[in-house]
file my_file_35.cif (mmCIF, C-alpha atoms and all ligand atoms)
data_query
#
loop_
_atom_site.label_atom_id
_atom_site.label_comp_id
_atom_site.auth_asym_id
_atom_site.auth_seq_id
_atom_site.Cartn_x
_atom_site.Cartn_y
_atom_site.Cartn_z
CA ARG A 492 0.00 0.00 0.00
CA ARG A 493 1.46 3.27 -1.10
CA LYS A 494 1.38 6.27 1.28
CA ILE A 495 0.48 9.51 -0.43
CA ILE A 496 -0.07 13.16 0.40
CA ILE A 497 -2.53 14.87 -1.94
CA ASP A 498 -1.81 18.57 -2.48
CA THR A 499 -4.82 20.10 -4.18
CA ASP A 500 -6.85 23.17 -5.23
CA PRO A 501 -10.40 21.81 -5.71
CA GLY A 502 -11.62 22.25 -8.49
CA GLN A 503 -14.14 19.67 -9.74
CA ASP A 504 -11.41 17.53 -11.32
CA ASP A 505 -9.40 17.69 -8.09
CA ALA A 506 -12.51 16.38 -6.34
CA PHE A 507 -12.53 13.36 -8.67
CA ALA A 508 -8.87 12.71 -7.85
CA LEU A 509 -9.67 12.77 -4.13
CA LEU A 510 -12.67 10.46 -4.58
CA LEU A 511 -10.66 8.03 -6.71
CA ALA A 512 -7.86 7.92 -4.14
CA LEU A 513 -10.17 7.59 -1.14
CA GLY A 514 -12.13 4.87 -2.94
CA SER A 515 -8.92 2.85 -3.36
CA PRO A 516 -7.81 2.07 0.21
CA ASP A 517 -6.33 -1.32 -0.73
CA GLU A 518 -3.67 0.34 -2.87
CA LEU A 519 -3.39 3.86 -1.45
CA GLU A 520 -3.17 5.23 2.05
CA VAL A 521 -3.89 8.94 1.91
CA VAL A 522 -1.97 10.22 4.92
CA GLY A 523 -3.12 13.81 4.59
CA VAL A 524 -4.47 16.43 2.23
CA THR A 525 -2.88 19.84 1.82
CA ALA A 526 -4.69 22.70 0.14
CA VAL A 527 -3.10 25.34 -2.04
CA HIS A 528 -4.21 28.50 -3.85
CA GLY A 529 -5.10 27.80 -7.46
CA ASN A 530 -8.46 27.34 -9.12
CA VAL A 531 -9.95 29.60 -6.44
CA PRO A 532 -8.31 31.33 -3.44
CA LEU A 533 -6.86 29.24 -0.62
CA ALA A 534 -9.73 29.82 1.82
CA ARG A 535 -12.08 28.23 -0.73
CA THR A 536 -9.82 25.38 -1.86
CA THR A 537 -9.34 24.45 1.80
CA VAL A 538 -13.08 24.27 2.50
CA ASN A 539 -13.66 22.48 -0.80
CA ALA A 540 -11.05 19.85 0.02
CA GLN A 541 -12.64 19.31 3.42
CA MET A 542 -16.12 18.97 1.89
CA VAL A 543 -14.92 16.37 -0.63
CA VAL A 544 -13.03 14.39 2.00
CA GLU A 545 -16.21 14.34 4.10
CA LEU A 546 -18.28 13.35 1.05
CA ALA A 547 -15.97 10.34 0.76
CA GLY A 548 -16.83 9.42 4.36
CA ARG A 549 -13.38 10.41 5.65
CA ALA A 550 -14.05 13.28 8.07
CA ASP A 551 -11.18 11.81 10.09
CA LEU A 552 -8.67 12.79 7.41
CA PRO A 553 -7.33 16.30 8.11
CA VAL A 554 -6.92 19.00 5.50
CA TYR A 555 -3.94 21.32 6.06
CA PRO A 556 -4.12 24.76 4.46
CA GLY A 557 -0.91 25.72 2.69
CA CYS A 558 0.31 28.71 0.71
CA PRO A 559 -2.13 31.46 -0.26
CA ARG A 560 -0.21 32.75 -3.29
CA PRO A 561 2.51 31.84 -5.79
CA MET A 562 6.18 32.29 -4.91
CA VAL A 563 6.86 35.26 -7.20
CA LYS A 564 3.96 36.04 -9.52
CA PRO A 565 0.68 37.55 -8.37
CA GLY A 566 -2.14 35.04 -7.86
CA PHE A 567 -4.32 33.93 -10.77
CA THR A 568 -7.53 31.94 -10.34
CA ALA A 569 -9.92 30.07 -12.66
CA GLU A 570 -13.48 30.79 -11.58
CA TYR A 571 -14.17 31.04 -15.32
CA VAL A 572 -13.77 27.23 -15.46
CA HIS A 573 -14.88 26.00 -12.04
CA GLY A 574 -17.46 28.61 -11.01
CA PRO A 575 -17.15 31.09 -8.12
CA SER A 576 -17.00 28.35 -5.48
CA GLY A 577 -14.49 26.23 -7.39
CA LEU A 578 -16.86 23.29 -6.94
CA ASP A 579 -19.99 24.57 -8.65
CA GLY A 580 -22.51 21.85 -9.49
CA CYS A 581 -22.54 20.07 -6.14
CA ASP A 582 -24.57 20.72 -3.03
CA LEU A 583 -22.37 19.83 -0.07
CA PRO A 584 -22.77 21.04 3.52
CA PRO A 585 -20.03 23.13 5.13
CA PRO A 586 -17.31 20.93 6.63
CA ALA A 587 -17.88 19.63 10.15
CA ALA A 588 -14.33 18.46 10.97
CA PRO A 589 -11.65 20.87 12.24
CA LEU A 590 -8.76 21.88 10.04
CA GLY A 591 -5.40 20.18 10.32
CA ASP A 592 -3.27 21.46 13.19
CA ARG A 593 -0.41 22.80 11.04
CA HIS A 594 0.43 24.74 7.92
CA GLY A 595 0.36 22.49 4.84
CA VAL A 596 4.06 23.06 4.18
CA ASP A 597 4.92 21.88 7.70
CA PHE A 598 2.63 18.88 7.32
CA ILE A 599 4.53 17.83 4.20
CA ILE A 600 7.90 18.29 5.92
CA ASP A 601 6.91 16.56 9.16
CA THR A 602 5.30 13.62 7.37
CA VAL A 603 8.19 12.99 4.99
CA MET A 604 10.79 13.36 7.77
CA ALA A 605 8.91 11.04 10.14
CA ALA A 606 8.44 8.31 7.52
CA ALA A 607 11.08 5.93 6.25
CA PRO A 608 13.09 7.12 3.24
CA GLY A 609 11.17 6.33 0.06
CA GLU A 610 7.87 5.88 1.88
CA ILE A 611 5.92 9.01 0.97
CA THR A 612 4.73 10.03 -2.49
CA VAL A 613 3.47 13.59 -2.94
CA CYS A 614 0.80 14.13 -5.58
CA THR A 615 0.29 17.75 -6.60
CA LEU A 616 -2.92 18.65 -8.41
CA GLY A 617 -2.57 22.42 -8.41
CA PRO A 618 0.23 25.00 -8.48
CA MET A 619 3.27 23.42 -6.82
CA THR A 620 3.86 26.18 -4.25
CA ASN A 621 3.45 24.03 -1.12
CA LEU A 622 5.90 21.36 -2.20
CA ALA A 623 8.45 23.89 -3.47
CA VAL A 624 8.33 25.86 -0.22
CA ALA A 625 8.64 22.61 1.75
CA MET A 626 11.75 21.71 -0.29
CA ILE A 627 13.24 25.13 0.40
CA LYS A 628 12.40 25.10 4.09
CA GLU A 629 13.64 21.52 4.65
CA PRO A 630 15.82 20.23 1.80
CA ALA A 631 16.30 16.96 3.69
CA ILE A 632 12.85 15.89 2.45
CA ILE A 633 14.09 15.76 -1.15
CA PRO A 634 16.08 12.50 -1.03
CA ARG A 635 13.43 10.94 1.23
CA LEU A 636 10.56 11.29 -1.26
CA ALA A 637 9.43 8.12 -3.01
CA GLU A 638 8.10 10.14 -5.93
CA VAL A 639 6.43 13.40 -6.84
CA VAL A 640 3.60 12.93 -9.33
CA PHE A 641 2.19 16.20 -10.60
CA MET A 642 -0.59 17.18 -12.93
CA GLY A 643 0.66 20.03 -14.98
CA GLY A 644 2.48 21.21 -18.03
CA GLY A 645 2.10 20.19 -21.62
CA PHE A 646 4.45 19.76 -24.51
CA PHE A 647 2.87 18.45 -27.67
CA GLU A 648 -0.49 19.95 -26.65
CA GLY A 649 1.00 23.35 -25.76
CA GLY A 650 -0.93 25.20 -23.08
CA ASN A 651 -4.51 25.59 -21.92
CA THR A 652 -4.04 28.92 -20.12
CA THR A 653 -1.68 30.61 -22.56
CA PRO A 654 -0.59 29.11 -25.88
CA ALA A 655 2.57 27.96 -24.08
CA ALA A 656 1.50 27.17 -20.53
CA GLU A 657 -0.83 24.83 -18.68
CA PHE A 658 -2.73 26.36 -15.72
CA ASN A 659 -0.92 24.77 -12.74
CA ILE A 660 2.53 25.67 -14.06
CA TYR A 661 1.47 29.04 -15.41
CA VAL A 662 0.18 30.10 -11.99
CA ASP A 663 3.44 29.28 -10.18
CA PRO A 664 6.26 28.51 -12.63
CA HIS A 665 8.91 29.25 -10.02
CA ALA A 666 7.53 26.54 -7.76
CA ALA A 667 7.50 24.05 -10.63
CA HIS A 668 11.09 25.02 -11.39
CA VAL A 669 12.15 24.35 -7.79
CA VAL A 670 10.53 20.90 -7.81
CA LEU A 671 11.80 19.86 -11.24
CA ALA A 672 15.33 21.02 -10.48
CA SER A 673 15.34 19.41 -7.02
CA GLY A 674 16.65 15.99 -7.96
CA ALA A 675 13.61 14.21 -6.51
CA PRO A 676 12.07 11.50 -8.71
CA VAL A 677 9.34 13.36 -10.56
CA THR A 678 6.55 12.16 -12.84
CA MET A 679 4.68 14.69 -14.94
CA VAL A 680 1.08 14.11 -15.99
CA PRO A 681 0.70 16.84 -18.61
CA ILE A 682 -2.30 17.90 -20.63
CA ASP A 683 -0.94 15.72 -23.43
CA VAL A 684 -2.27 12.87 -21.28
CA THR A 685 -5.21 14.49 -19.57
CA TYR A 686 -6.83 15.75 -22.77
CA LYS A 687 -7.10 12.05 -23.66
CA ALA A 688 -9.03 11.47 -20.43
CA LEU A 689 -12.31 12.54 -22.00
CA MET A 690 -15.43 12.15 -19.90
CA THR A 691 -18.28 11.13 -22.18
CA PRO A 692 -22.01 11.85 -21.66
CA ASP A 693 -22.65 8.11 -21.38
CA TRP A 694 -20.09 7.77 -18.57
CA LEU A 695 -21.67 10.70 -16.77
CA ARG A 696 -25.07 9.01 -16.96
CA ARG A 697 -23.58 5.80 -15.55
CA LEU A 698 -21.94 7.75 -12.73
CA ARG A 699 -25.22 9.41 -11.74
CA ALA A 700 -27.03 6.07 -12.00
CA LEU A 701 -24.79 4.60 -9.29
CA GLY A 702 -27.18 6.50 -7.03
CA THR A 703 -24.90 6.86 -3.98
CA ARG A 704 -24.47 10.29 -2.43
CA ALA A 705 -20.83 10.52 -3.52
CA ALA A 706 -21.72 9.53 -7.08
CA VAL A 707 -24.67 11.91 -7.36
CA GLU A 708 -22.67 14.89 -6.03
CA ALA A 709 -19.72 13.97 -8.23
CA ALA A 710 -22.05 13.80 -11.22
CA GLY A 711 -23.37 17.28 -10.40
CA MET A 712 -19.84 18.68 -10.34
CA ALA A 713 -18.91 16.87 -13.52
CA GLU A 714 -21.99 18.16 -15.34
CA PHE A 715 -21.18 21.76 -14.43
CA TYR A 716 -17.58 21.33 -15.51
CA GLN A 717 -18.48 19.43 -18.67
CA ASP A 718 -20.90 22.19 -19.61
CA TYR A 719 -18.10 24.78 -19.45
CA GLY A 720 -15.88 22.66 -21.69
CA ASN A 721 -18.60 21.83 -24.16
CA LYS A 722 -19.58 25.47 -24.58
CA LYS A 723 -15.96 26.48 -25.00
CA PHE A 724 -14.94 23.78 -27.46
CA GLY A 725 -18.26 22.80 -29.07
CA THR A 726 -17.75 19.17 -28.02
CA ASP A 727 -19.72 16.74 -25.88
CA SER A 728 -16.78 15.34 -23.88
CA TYR A 729 -14.36 17.19 -21.64
CA PRO A 730 -11.28 15.92 -19.76
CA LEU A 731 -10.94 15.36 -16.02
CA HIS A 732 -7.27 16.24 -15.54
CA ASP A 733 -6.33 15.60 -11.93
CA PRO A 734 -7.62 12.03 -11.41
CA CYS A 735 -5.08 10.93 -14.03
CA VAL A 736 -2.41 11.35 -11.32
CA ILE A 737 -4.19 8.88 -9.06
CA GLY A 738 -5.00 6.65 -12.04
CA TYR A 739 -1.29 6.48 -12.77
CA LEU A 740 -0.52 5.34 -9.21
CA LEU A 741 -3.25 2.71 -9.34
CA ARG A 742 -2.76 1.41 -12.89
CA PRO A 743 0.58 2.60 -14.36
CA GLU A 744 0.20 0.12 -17.21
CA LEU A 745 -2.58 2.30 -18.66
CA PHE A 746 -0.05 5.09 -19.27
CA ASN A 747 3.17 5.44 -21.16
CA GLY A 748 5.87 8.04 -21.41
CA ARG A 749 9.57 8.68 -21.43
CA LYS A 750 12.23 9.94 -19.03
CA CYS A 751 13.36 13.35 -20.23
CA HIS A 752 15.03 16.53 -19.14
CA VAL A 753 12.34 19.10 -18.35
CA GLU A 754 12.80 22.77 -17.58
CA VAL A 755 10.22 25.43 -16.79
CA GLU A 756 10.32 28.84 -18.44
CA ILE A 757 10.43 31.43 -15.68
CA HIS A 758 11.81 34.49 -17.49
CA SER A 759 9.84 35.20 -20.64
CA PRO A 760 6.47 36.92 -20.25
CA VAL A 761 5.29 35.30 -23.50
CA THR A 762 6.04 31.71 -22.52
CA SER A 763 6.00 31.98 -18.71
CA GLY A 764 5.17 28.57 -17.26
CA MET A 765 5.98 26.60 -20.39
CA THR A 766 7.33 23.12 -19.67
CA VAL A 767 10.21 22.61 -22.07
CA VAL A 768 10.54 18.85 -22.51
CA ASP A 769 13.64 17.48 -24.20
CA TRP A 770 11.70 14.55 -25.69
CA TRP A 771 14.43 13.77 -28.25
CA ASN A 772 17.34 14.26 -25.80
CA VAL A 773 18.88 16.93 -27.99
CA THR A 774 20.53 18.70 -25.02
CA LYS A 775 22.03 15.49 -23.59
CA LYS A 776 21.13 16.83 -20.14
CA PRO A 777 20.28 14.06 -17.66
CA ALA A 778 16.62 13.12 -17.39
CA ASN A 779 14.92 14.64 -14.33
CA CYS A 780 11.32 13.64 -15.06
CA LEU A 781 9.19 10.80 -16.36
CA VAL A 782 6.92 12.58 -18.83
CA LEU A 783 3.69 10.71 -19.52
CA ARG A 784 2.19 11.08 -22.94
CA ASP A 785 -0.54 8.50 -23.51
CA LEU A 786 -3.42 6.99 -21.63
CA ASP A 787 -5.75 4.08 -22.32
CA ASN A 788 -8.93 5.98 -21.54
CA PRO A 789 -11.79 3.40 -21.33
CA PRO A 790 -10.24 1.25 -18.55
CA PHE A 791 -9.31 4.40 -16.64
CA TYR A 792 -12.91 5.63 -16.60
CA GLU A 793 -14.15 2.14 -15.67
CA LEU A 794 -11.73 2.20 -12.72
CA MET A 795 -13.11 5.57 -11.60
CA LEU A 796 -16.68 4.25 -11.67
CA GLU A 797 -15.71 1.14 -9.77
CA ARG A 798 -13.87 3.08 -7.06
CA ILE A 799 -16.42 5.90 -6.67
CA ALA A 800 -19.11 3.21 -6.35
CA ARG A 801 -17.38 2.05 -3.14
CA LEU A 802 -17.89 5.41 -1.44
CA PRO A 803 -20.95 6.19 0.70
C1 LIG A 901 -5.39 21.92 -14.14
O1 LIG A 901 -5.84 23.24 -13.87
C2 LIG A 901 -6.93 23.22 -12.99
O2 LIG A 901 -7.92 24.06 -13.47
C3 LIG A 901 -7.38 21.79 -12.88
O3 LIG A 901 -7.87 21.52 -11.59
C4 LIG A 901 -6.14 21.01 -13.19
O4 LIG A 901 -5.37 20.79 -12.03
C5 LIG A 901 -5.57 21.62 -15.60
O5 LIG A 901 -4.85 22.49 -16.40
CA CA A 902 -6.29 21.10 -9.81
#
call {"tool": "encode", "arguments": {"input": "my_file_35.cif", "output": "structure tokens", "more": "lines below"}}
Ligand code: BDR
Ligand code: CA
result
Amino acid sequence: RRKIIIDTDPGQDDAFALLLALGSPDELEVVGVTAVHGNVPLARTTVNAQMVVELAGRADLPVYPGCPRPMVKPGFTAEYVHGPSGLDGCDLPPPAAPLGDRHGVDFIIDTVMAAAPGEITVCTLGPMTNLAVAMIKEPAIIPRLAEVVFMGGGFFEGGNTTPAAEFNIYVDPHAAHVVLASGAPVTMVPIDVTYKALMTPDWLRRLRALGTRAAVEAAGMAEFYQDYGNKKFGTDSYPLHDPCVIGYLLRPELFNGRKCHVEVEIHSPVTSGMTVVDWWNVTKKPANCLVLRDLDNPPFYELMLERIARLP
């Protein structure tokens, strides 16, 4: 059983990642959830993370609020995608459980330092500020991490927030730079993969038909989010990005990619937040990241249904 920290900015697709992880207790032990600024401000992502954890029946699992803004750039949020609450489409009560007893950055440091080397994997589903600040505050965590798996970036697909940059990296490119240059084993789940994780109308109907509270609320969120995507792109299917990170931990054989050297553009205003992936090894720089590129979509969505069905 793999021990993971989920660092998140819910976000409807973050909510699906949390539900998928919490519905998979045989494979994954979620040791804590840290919230970060991102899709909406920190105060909202924190409450949203708590509400989703409670929806999964895990009010015992603390949520630790982390950093309220990027390291260098001013904050940038995405209510235009997720709605003003960040979780529009669901109807969840305010959280009942208290917040975690520490700052999210300290939770990451304390947990990694207290565990055996190679025991803790950190999954980041939003801007990577919390993990980067943790690495700066306590560099001894870096060689102790089993893996960092992050949703963010894009290479062949380009960007979804600017032509060059994906949202999570665009919002805090300096944090992504710190993590990618740290020497920790890093796996990148870019939009090249997640735009293959298309959620179809038929799948959404099957999700709602599960009839459990978690499934019905998840379906409400997904419908809101799908509606945004469909209006924007004129399609009927829209990708859930963040659960791909958890899908990769559960079923790595559904994904493929390549170890590459990856750098983040932090200087140019035009391409700020671009992930520059040396896919063809033209620089001969050592690989610092496993870059995923493909996903077998149908089994991944079947897995999500199966695992969400286990929740209350
Ligand atoms: C990423 O940006 C956010 O809007 C989503 O939650 C996801 O983490 C996709 O670019
Ligand atoms: Ca996210």
call {"tool": "residues_around", "arguments": {"input": "my_file_35.cif", "residues": "region 728-745 of chain A", "least_positions_apart": "6", "cutoff": "9 Å", "atoms": "only C-alpha atoms", "output": "tab-separated table (two decimals) with C-alpha atoms, in the coordinates of the input"}}
result
chain	number	residue	atom	x	y	z
A	493	ARG	CA	1.46	3.27	-1.10
A	503	GLN	CA	-14.14	19.67	-9.74
A	504	ASP	CA	-11.41	17.53	-11.32
A	505	ASP	CA	-9.40	17.69	-8.09
A	506	ALA	CA	-12.51	16.38	-6.34
A	507	PHE	CA	-12.53	13.36	-8.67
A	508	ALA	CA	-8.87	12.71	-7.85
A	509	LEU	CA	-9.67	12.77	-4.13
A	510	LEU	CA	-12.67	10.46	-4.58
A	511	LEU	CA	-10.66	8.03	-6.71
A	512	ALA	CA	-7.86	7.92	-4.14
A	515	SER	CA	-8.92	2.85	-3.36
A	518	GLU	CA	-3.67	0.34	-2.87
A	519	LEU	CA	-3.39	3.86	-1.45
A	614	CYS	CA	0.80	14.13	-5.58
A	615	THR	CA	0.29	17.75	-6.60
A	616	LEU	CA	-2.92	18.65	-8.41
A	617	GLY	CA	-2.57	22.42	-8.41
A	640	VAL	CA	3.60	12.93	-9.33
A	641	PHE	CA	2.19	16.20	-10.60
A	642	MET	CA	-0.59	17.18	-12.93
A	643	GLY	CA	0.66	20.03	-14.98
A	679	MET	CA	4.68	14.69	-14.94
A	680	VAL	CA	1.08	14.11	-15.99
A	681	PRO	CA	0.70	16.84	-18.61
A	682	ILE	CA	-2.30	17.90	-20.63
A	684	VAL	CA	-2.27	12.87	-21.28
A	685	THR	CA	-5.21	14.49	-19.57
A	686	TYR	CA	-6.83	15.75	-22.77
A	687	LYS	CA	-7.10	12.05	-23.66
A	688	ALA	CA	-9.03	11.47	-20.43
A	689	LEU	CA	-12.31	12.54	-22.00
A	690	MET	CA	-15.43	12.15	-19.90
A	691	THR	CA	-18.28	11.13	-22.18
A	692	PRO	CA	-22.01	11.85	-21.66
A	713	ALA	CA	-18.91	16.87	-13.52
A	716	TYR	CA	-17.58	21.33	-15.51
A	717	GLN	CA	-18.48	19.43	-18.67
A	718	ASP	CA	-20.90	22.19	-19.61
A	719	TYR	CA	-18.10	24.78	-19.45
A	720	GLY	CA	-15.88	22.66	-21.69
A	721	ASN	CA	-18.60	21.83	-24.16
A	785	ASP	CA	-0.54	8.50	-23.51
A	786	LEU	CA	-3.42	6.99	-21.63
A	787	ASP	CA	-5.75	4.08	-22.32
A	788	ASN	CA	-8.93	5.98	-21.54
A	790	PRO	CA	-10.24	1.25	-18.55
A	791	PHE	CA	-9.31	4.40	-16.64
A	794	LEU	CA	-11.73	2.20	-12.72
A	795	MET	CA	-13.11	5.57	-11.60
call {"tool": "residues_around", "arguments": {"input": "my_file_35.cif", "residues": "Leu802 (chain A)", "least_positions_apart": "2", "cutoff": "8 Å", "atoms": "only C-alpha atoms", "output": "compact mmCIF listing (two decimals) with C-alpha atoms, in the frame of the given file"}}
result
# COMPACT_ATOMS: atom_id res chain seq x y z
CA LEU A 510 -12.67 10.46 -4.58
CA GLY A 514 -12.13 4.87 -2.94
CA ALA A 547 -15.97 10.34 0.76
CA GLY A 548 -16.83 9.42 4.36
CA THR A 703 -24.90 6.86 -3.98
CA ALA A 705 -20.83 10.52 -3.52
CA ALA A 706 -21.72 9.53 -7.08
CA ARG A 798 -13.87 3.08 -7.06
CA ILE A 799 -16.42 5.90 -6.67
CA ALA A 800 -19.11 3.21 -6.35
call {"tool": "atom_distance", "arguments": {"input": "my_file_35.cif", "atom1": "CA of Pro634 (chain A)", "atom2": "CA of Asn779 (chain A)"}}
result
13.5 Å
call {"tool": "axis_aligned_box", "arguments": {"input": "my_file_35.cif", "around": "region 545-548 of chain A", "padding_each_side": "4 Å", "output": "AutoDock Vina command-line options"}}
result
--center_x -17.1 --center_y 11.9 --center_z 2.6 --size_x 10.3 --size_y 12.9 --size_z 11.6
call {"tool": "closest_residue", "arguments": {"input": "my_file_35.cif", "among": "A:Asp769, A:Asp663, A:Asp693, A:Glu793", "to": "Pro561 (chain A)", "atoms": "all atoms listed in the file"}}
result
A:Asp663
call {"tool": "decode", "arguments": {"input": "my_file_35.cif", "residues": "region 616-646 of chain A", "atoms": "C-alpha atoms", "output": "mmCIF file, in the first residue's frame"}}
result
data_model
loop_
_atom_site.group_PDB
_atom_site.id
_atom_site.type_symbol
_atom_site.label_atom_id
_atom_site.label_comp_id
_atom_site.auth_asym_id
_atom_site.auth_seq_id
_atom_site.Cartn_x
_atom_site.Cartn_y
_atom_site.Cartn_z
ATOM 1 C CA LEU A 616 -2.920 18.645 -8.410
ATOM 2 C CA GLY A 617 -2.569 22.420 -8.414
ATOM 3 C CA PRO A 618 0.231 25.004 -8.479
ATOM 4 C CA MET A 619 3.272 23.417 -6.818
ATOM 5 C CA THR A 620 3.858 26.177 -4.252
ATOM 6 C CA ASN A 621 3.448 24.034 -1.120
ATOM 7 C CA LEU A 622 5.898 21.358 -2.196
ATOM 8 C CA ALA A 623 8.450 23.894 -3.472
ATOM 9 C CA VAL A 624 8.333 25.864 -0.221
ATOM 10 C CA ALA A 625 8.641 22.611 1.747
ATOM 11 C CA MET A 626 11.747 21.708 -0.288
ATOM 12 C CA ILE A 627 13.242 25.132 0.397
ATOM 13 C CA LYS A 628 12.395 25.097 4.095
ATOM 14 C CA GLU A 629 13.640 21.525 4.648
ATOM 15 C CA PRO A 630 15.821 20.228 1.802
ATOM 16 C CA ALA A 631 16.304 16.960 3.689
ATOM 17 C CA ILE A 632 12.847 15.893 2.453
ATOM 18 C CA ILE A 633 14.092 15.756 -1.145
ATOM 19 C CA PRO A 634 16.082 12.496 -1.028
ATOM 20 C CA ARG A 635 13.432 10.944 1.233
ATOM 21 C CA LEU A 636 10.557 11.291 -1.256
ATOM 22 C CA ALA A 637 9.431 8.122 -3.008
ATOM 23 C CA GLU A 638 8.103 10.136 -5.930
ATOM 24 C CA VAL A 639 6.430 13.396 -6.839
ATOM 25 C CA VAL A 640 3.596 12.934 -9.329
ATOM 26 C CA PHE A 641 2.185 16.197 -10.599
ATOM 27 C CA MET A 642 -0.594 17.177 -12.927
ATOM 28 C CA GLY A 643 0.660 20.032 -14.985
ATOM 29 C CA GLY A 644 2.484 21.207 -18.029
ATOM 30 C CA GLY A 645 2.099 20.194 -21.624
ATOM 31 C CA PHE A 646 4.447 19.763 -24.509
#
